[in-house]
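> Take this structure, written in structure tokens, and hold onto it; I'll ask about it next.
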Amino acid sequence: MQAFLITFCISDMDLECASQETVKQGLLARGWPPIKGFSKHVKTKVLEFFSHLIKLGQDDPRRVVHSLKAGLALTLVSLFYYYQPLYKSFGVSAMWAVITVVVVFEFSVGATLGKGVNRGLATLLAGGLAVGAHQLANLSGQIGEPIVLGIFVFLQAAVSTFVRFCPQIKARYDYGLLIFILTFSLISISGFRDDEVLELVHKRLLTVLIGGSTCVIISVLLFPVWAGQDLHNLIASNMEKLGIFLEGFGDEYFKMPEDGESKEDRPFLQGYKSVLDSKTNEDALANFARWEPRHGRFQFRHPWKQYLKIGALTRKCAYRIESLNGHLYADIQAKREIRSKIQETCTTMSMESGKALKELSMAIKTMVKPFAADIHIENSKSSVKNLDTLLKSGLWDDETDLLEVVPVATVASLLIDVVTCTAEIAESVNELATMLKFEVVEPTVSTEKPETGQPKIGIS
């Protein structure tokens, strides 16, 4: 009997252990898939992040070089802490050199130089005024000193903040005004508890100048990135993108798509989209370029405003092209027989305008006068006159549905606007060529005739 009880107890314990083990396995079975899925998700995100970083470096290797330059600048100014003789001269104030490098060092030479000059001049001016305010406050006695200092801090902060609303000041000197407010306030308030105001100002100004000069020297001497060059290339690239679209638009719009063929598979028809929102980038590059010294083909007083004018006209043309692109992908298209009546003239307008824009782009890149562009513009204007003649002659009979004609007429009207915009762009580029004295290279004249049968002067 006793043996039976012992055997029963052991069996019961085995069953209980087996039950607990089953529960544990069930919990693991339910909990492991979410944990495994989460770890896989994290791994995927990490890989995507690093692949994105690699793509950033491949798209523009200058970003990698800039990162190394920033690290070098910070390492150099850190010597004021690491090297004992330098630390004894500046003490804790050496941290301002490190802070200056962090906030001043930018991607381009113009941006770095602009911030450095703003910070240096603002620190010098604010430091001098803060010392003067401290001396005047001392004349007011122990009770009046904090009151006078508070009034000065209030006035300079209020006036400087209001001046920042001025667009011309904000564009170039906004950072300087911020540093002016900060430096004046810090020195004025610190001077109330510290009698060595002049020493404080001296150390602050010297460390800021050391940090700023370090940034400028490294930015200029080691693989410099010029904002002016970037703006120059951006304006030329934008015009080329519009030219590529216009060269292919005529054939894409007037031809009938084959089975299984989609116009959305044409990447060259989408390049113009980046031009639509390029204003912010152009304005920033022009602002930075004004700070840059003479380099290469770019003078100190380079006409950057003319580049902005060309950029504005290019965007104006891009807006017309955006409308043309909408008609290209419209669900309702005009009949082929209706489009065919103006196909030749519209294709010529589009093609010649595209060639003109590409010639203007090349003229800016090489700084050569765009004689060939003028020829293409004249050809496009001739096509506009031919289209006007066709419309007046009565292309469609009275039985033609006007609703079917409207899309084609709208495209023709937009192409006429594009020709006008192209002529305006060419005029602005010619003005730039006159200002900068572009090289004169005479084109070779041929007697080639356009497809419309009109006389044409081409480039052989």
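Every chain in the structure tokens has a letter given in the order shown (A, B, ...), and although residue numbers restart at 1 in each chain, ligands are simply numbered from 1 in the order shown.
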Excluding Met239 of chain A and any residue of its chain fewer than 3 positions from it, enumerate the residues within 8 Å of it, using only C-alpha atoms, and give them as a ChimeraX atom specification.
/A:235-236,242-243,314,357-358,360-361
> What would the file look like if the residues just selected were written as a PDB file, in the first residue's frame with all heavy atoms?

ATOM      1  N   ILE A 235      21.604  76.879 -62.379  1.00  0.00           N
ATOM      2  CA  ILE A 235      20.846  77.631 -63.382  1.00  0.00           C
ATOM      3  C   ILE A 235      20.970  76.960 -64.745  1.00  0.00           C
ATOM      4  O   ILE A 235      19.979  76.784 -65.478  1.00  0.00           O
ATOM      5  CB  ILE A 235      21.337  79.090 -63.441  1.00  0.00           C
ATOM      6  CG1 ILE A 235      21.065  79.811 -62.117  1.00  0.00           C
ATOM      7  CG2 ILE A 235      20.668  79.831 -64.590  1.00  0.00           C
ATOM      8  CD1 ILE A 235      19.613  79.928 -61.750  1.00  0.00           C
ATOM      9  N   ALA A 236      22.182  76.561 -65.103  1.00  0.00           N
ATOM     10  CA  ALA A 236      22.390  75.904 -66.394  1.00  0.00           C
ATOM     11  C   ALA A 236      21.678  74.553 -66.442  1.00  0.00           C
ATOM     12  O   ALA A 236      21.056  74.200 -67.451  1.00  0.00           O
ATOM     13  CB  ALA A 236      23.888  75.727 -66.646  1.00  0.00           C
ATOM     14  N   LEU A 242      14.529  71.653 -68.849  1.00  0.00           N
ATOM     15  CA  LEU A 242      13.369  72.120 -69.619  1.00  0.00           C
ATOM     16  C   LEU A 242      13.554  71.823 -71.100  1.00  0.00           C
ATOM     17  O   LEU A 242      12.602  71.442 -71.799  1.00  0.00           O
ATOM     18  CB  LEU A 242      13.169  73.624 -69.404  1.00  0.00           C
ATOM     19  CG  LEU A 242      12.940  74.110 -67.966  1.00  0.00           C
ATOM     20  CD1 LEU A 242      12.530  75.577 -67.974  1.00  0.00           C
ATOM     21  CD2 LEU A 242      11.886  73.274 -67.257  1.00  0.00           C
ATOM     22  N   GLY A 243      14.778  72.010 -71.588  1.00  0.00           N
ATOM     23  CA  GLY A 243      15.052  71.735 -72.990  1.00  0.00           C
ATOM     24  C   GLY A 243      14.847  70.274 -73.342  1.00  0.00           C
ATOM     25  O   GLY A 243      14.305  69.937 -74.406  1.00  0.00           O
ATOM     26  N   THR A 314      13.220  80.976 -65.796  1.00  0.00           N
ATOM     27  CA  THR A 314      13.220  79.533 -66.042  1.00  0.00           C
ATOM     28  C   THR A 314      12.062  78.853 -65.323  1.00  0.00           C
ATOM     29  O   THR A 314      11.402  77.960 -65.875  1.00  0.00           O
ATOM     30  CB  THR A 314      14.556  78.925 -65.583  1.00  0.00           C
ATOM     31  OG1 THR A 314      15.641  79.596 -66.252  1.00  0.00           O
ATOM     32  CG2 THR A 314      14.613  77.438 -65.911  1.00  0.00           C
ATOM     33  N   LEU A 357      16.924  76.257 -75.398  1.00  0.00           N
ATOM     34  CA  LEU A 357      17.217  76.201 -73.956  1.00  0.00           C
ATOM     35  C   LEU A 357      18.487  75.393 -73.680  1.00  0.00           C
ATOM     36  O   LEU A 357      19.286  75.751 -72.804  1.00  0.00           O
ATOM     37  CB  LEU A 357      16.024  75.594 -73.211  1.00  0.00           C
ATOM     38  CG  LEU A 357      14.797  76.495 -73.085  1.00  0.00           C
ATOM     39  CD1 LEU A 357      13.611  75.717 -72.518  1.00  0.00           C
ATOM     40  CD2 LEU A 357      15.103  77.703 -72.203  1.00  0.00           C
ATOM     41  N   LYS A 358      18.694  74.319 -74.412  1.00  0.00           N
ATOM     42  CA  LYS A 358      19.908  73.536 -74.220  1.00  0.00           C
ATOM     43  C   LYS A 358      21.139  74.302 -74.676  1.00  0.00           C
ATOM     44  O   LYS A 358      22.214  74.205 -74.058  1.00  0.00           O
ATOM     45  CB  LYS A 358      19.792  72.205 -74.975  1.00  0.00           C
ATOM     46  CG  LYS A 358      18.734  71.267 -74.387  1.00  0.00           C
ATOM     47  CD  LYS A 358      18.623  69.967 -75.149  1.00  0.00           C
ATOM     48  CE  LYS A 358      19.813  69.079 -74.907  1.00  0.00           C
ATOM     49  NZ  LYS A 358      19.620  67.741 -75.529  1.00  0.00           N
ATOM     50  N   LEU A 360      21.366  77.608 -74.560  1.00  0.00           N
ATOM     51  CA  LEU A 360      21.568  78.623 -73.525  1.00  0.00           C
ATOM     52  C   LEU A 360      22.233  78.021 -72.297  1.00  0.00           C
ATOM     53  O   LEU A 360      23.090  78.649 -71.660  1.00  0.00           O
ATOM     54  CB  LEU A 360      20.218  79.246 -73.148  1.00  0.00           C
ATOM     55  CG  LEU A 360      19.545  80.102 -74.223  1.00  0.00           C
ATOM     56  CD1 LEU A 360      18.132  80.480 -73.790  1.00  0.00           C
ATOM     57  CD2 LEU A 360      20.362  81.365 -74.493  1.00  0.00           C
ATOM     58  N   SER A 361      21.825  76.797 -71.959  1.00  0.00           N
ATOM     59  CA  SER A 361      22.454  76.102 -70.834  1.00  0.00           C
ATOM     60  C   SER A 361      23.941  75.877 -71.091  1.00  0.00           C
ATOM     61  O   SER A 361      24.786  76.128 -70.221  1.00  0.00           O
ATOM     62  CB  SER A 361      21.744  74.766 -70.598  1.00  0.00           C
ATOM     63  OG  SER A 361      22.436  73.983 -69.655  1.00  0.00           O
TER      64      SER A 361
END
> For Ala157 of chain A, list every protein, DNA or RNA residue within 9 Å, evaluated using only C-alpha atoms, and leave out those in the same chain fewer than 3 positions away; present the list as a ChimeraX atom specification.
/A:152-154,160-162,180-182,184-185
> Of the candidates A:Ala356, A:Ile99, A:Val368, A:Leu387, which shows the shortest atom-to-atom distance to Ala426 of chain A, using only C-alpha atoms?
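Under the stated criterion, the closest residue is A:Ala356.
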> Can you pull out every residue from segment 286-367 of chain A that DSSP, working from the backbone, puts in alpha helix (DSSP H), and format the result as a ChimeraX atom specification?
/A:286-289,304-328,336-366
> State, in Å with one decimal place, the distance from atom CA of Gly120 of chain A to atom CA of Ser213 of chain A.
9.5 Å
> Excluding Asp283 of chain A and any residue of its chain fewer than 2 positions from it, enumerate the residues within 10 Å of it, using only C-alpha atoms, and give them as a PyMOL selection string.
chain A and resi 171+231+278-281+285-289+304-305+307-308+311
> Any chance you can output those residues with N, CA and C atoms as a JSON list (two decimals), in the first residue's frame?

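out_20.json was written with the following content:
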[["chain", "number", "residue", "atom", "x", "y", "z"],
["A", 171, "ALA", "N", 18.26, 88.60, -44.70],
["A", 171, "ALA", "CA", 18.88, 87.73, -45.70],
["A", 171, "ALA", "C", 20.36, 87.53, -45.45],
["A", 231, "LEU", "N", 25.56, 77.67, -57.84],
["A", 231, "LEU", "CA", 24.46, 78.44, -58.43],
["A", 231, "LEU", "C", 24.58, 78.49, -59.94],
["A", 278, "SER", "N", 12.81, 75.37, -57.05],
["A", 278, "SER", "CA", 14.24, 75.66, -56.91],
["A", 278, "SER", "C", 14.53, 77.06, -56.38],
["A", 279, "LYS", "N", 13.50, 77.87, -56.15],
["A", 279, "LYS", "CA", 13.73, 79.27, -55.77],
["A", 279, "LYS", "C", 14.48, 79.38, -54.45],
["A", 280, "THR", "N", 14.07, 78.61, -53.45],
["A", 280, "THR", "CA", 14.71, 78.71, -52.14],
["A", 280, "THR", "C", 16.20, 78.38, -52.23],
["A", 281, "ASN", "N", 16.52, 77.34, -52.97],
["A", 281, "ASN", "CA", 17.92, 76.94, -53.13],
["A", 281, "ASN", "C", 18.71, 78.01, -53.87],
["A", 285, "LEU", "N", 21.91, 80.12, -52.33],
["A", 285, "LEU", "CA", 23.22, 80.07, -52.98],
["A", 285, "LEU", "C", 23.69, 81.46, -53.39],
["A", 286, "ALA", "N", 22.77, 82.29, -53.89],
["A", 286, "ALA", "CA", 23.16, 83.66, -54.28],
["A", 286, "ALA", "C", 23.59, 84.47, -53.06],
["A", 287, "ASN", "N", 22.90, 84.29, -51.94],
["A", 287, "ASN", "CA", 23.27, 84.99, -50.72],
["A", 287, "ASN", "C", 24.66, 84.57, -50.24],
["A", 288, "PHE", "N", 24.95, 83.28, -50.29],
["A", 288, "PHE", "CA", 26.27, 82.79, -49.87],
["A", 288, "PHE", "C", 27.35, 83.24, -50.85],
["A", 289, "ALA", "N", 27.02, 83.25, -52.14],
["A", 289, "ALA", "CA", 28.01, 83.58, -53.17],
["A", 289, "ALA", "C", 28.51, 85.02, -53.02],
["A", 304, "TRP", "N", 25.33, 88.23, -59.41],
["A", 304, "TRP", "CA", 24.49, 87.10, -58.96],
["A", 304, "TRP", "C", 23.00, 87.41, -59.11],
["A", 305, "LYS", "N", 22.63, 88.68, -59.04],
["A", 305, "LYS", "CA", 21.21, 89.03, -59.22],
["A", 305, "LYS", "C", 20.72, 88.66, -60.61],
["A", 307, "TYR", "N", 21.71, 86.07, -62.26],
["A", 307, "TYR", "CA", 21.44, 84.63, -62.20],
["A", 307, "TYR", "C", 20.05, 84.37, -61.62],
["A", 308, "LEU", "N", 19.69, 85.14, -60.58],
["A", 308, "LEU", "CA", 18.37, 84.97, -59.98],
["A", 308, "LEU", "C", 17.27, 85.36, -60.96],
["A", 311, "GLY", "N", 16.92, 82.51, -63.27],
["A", 311, "GLY", "CA", 16.24, 81.43, -62.57],
["A", 311, "GLY", "C", 14.75, 81.66, -62.47]]
> Considering only C-alpha atoms, return as a PyMOL selection string whatever protein or nucleic-acid residues lie within 6 Å of Gly110 of chain A, sequence-local ones (same chain, fewer than 2 positions apart) excluded.
chain A and resi 108+112-114+288-289+291-292
> If I take atom CA of Val104 of chain A and atom CA of Leu155 of chain A, how far is one from the other in Å, to one decimal?
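That distance, rounded to one decimal, is 27.1 Å.
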> Go through A:Val65, A:Phe50, A:Lys115, A:Thr348 one by one, measure the shortest atom-to-atom distance of each to Gly211 of chain A using only C-alpha atoms, and give the residue with the smallest value.
A:Lys115
> A:Ser190, A:Ser78, A:Arg320, A:Gly144: which is nearest Gly127 of chain A, counting only C-alpha atoms?
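Going through A:Ser190, A:Ser78, A:Arg320, A:Gly144 one by one, the smallest distance to Gly127 of chain A is for A:Ser190.
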> One decimal, Å: what's the distance from atom CA of Pro224 of chain A over to atom CA of Pro293 of chain A, could you say?
11.9 Å
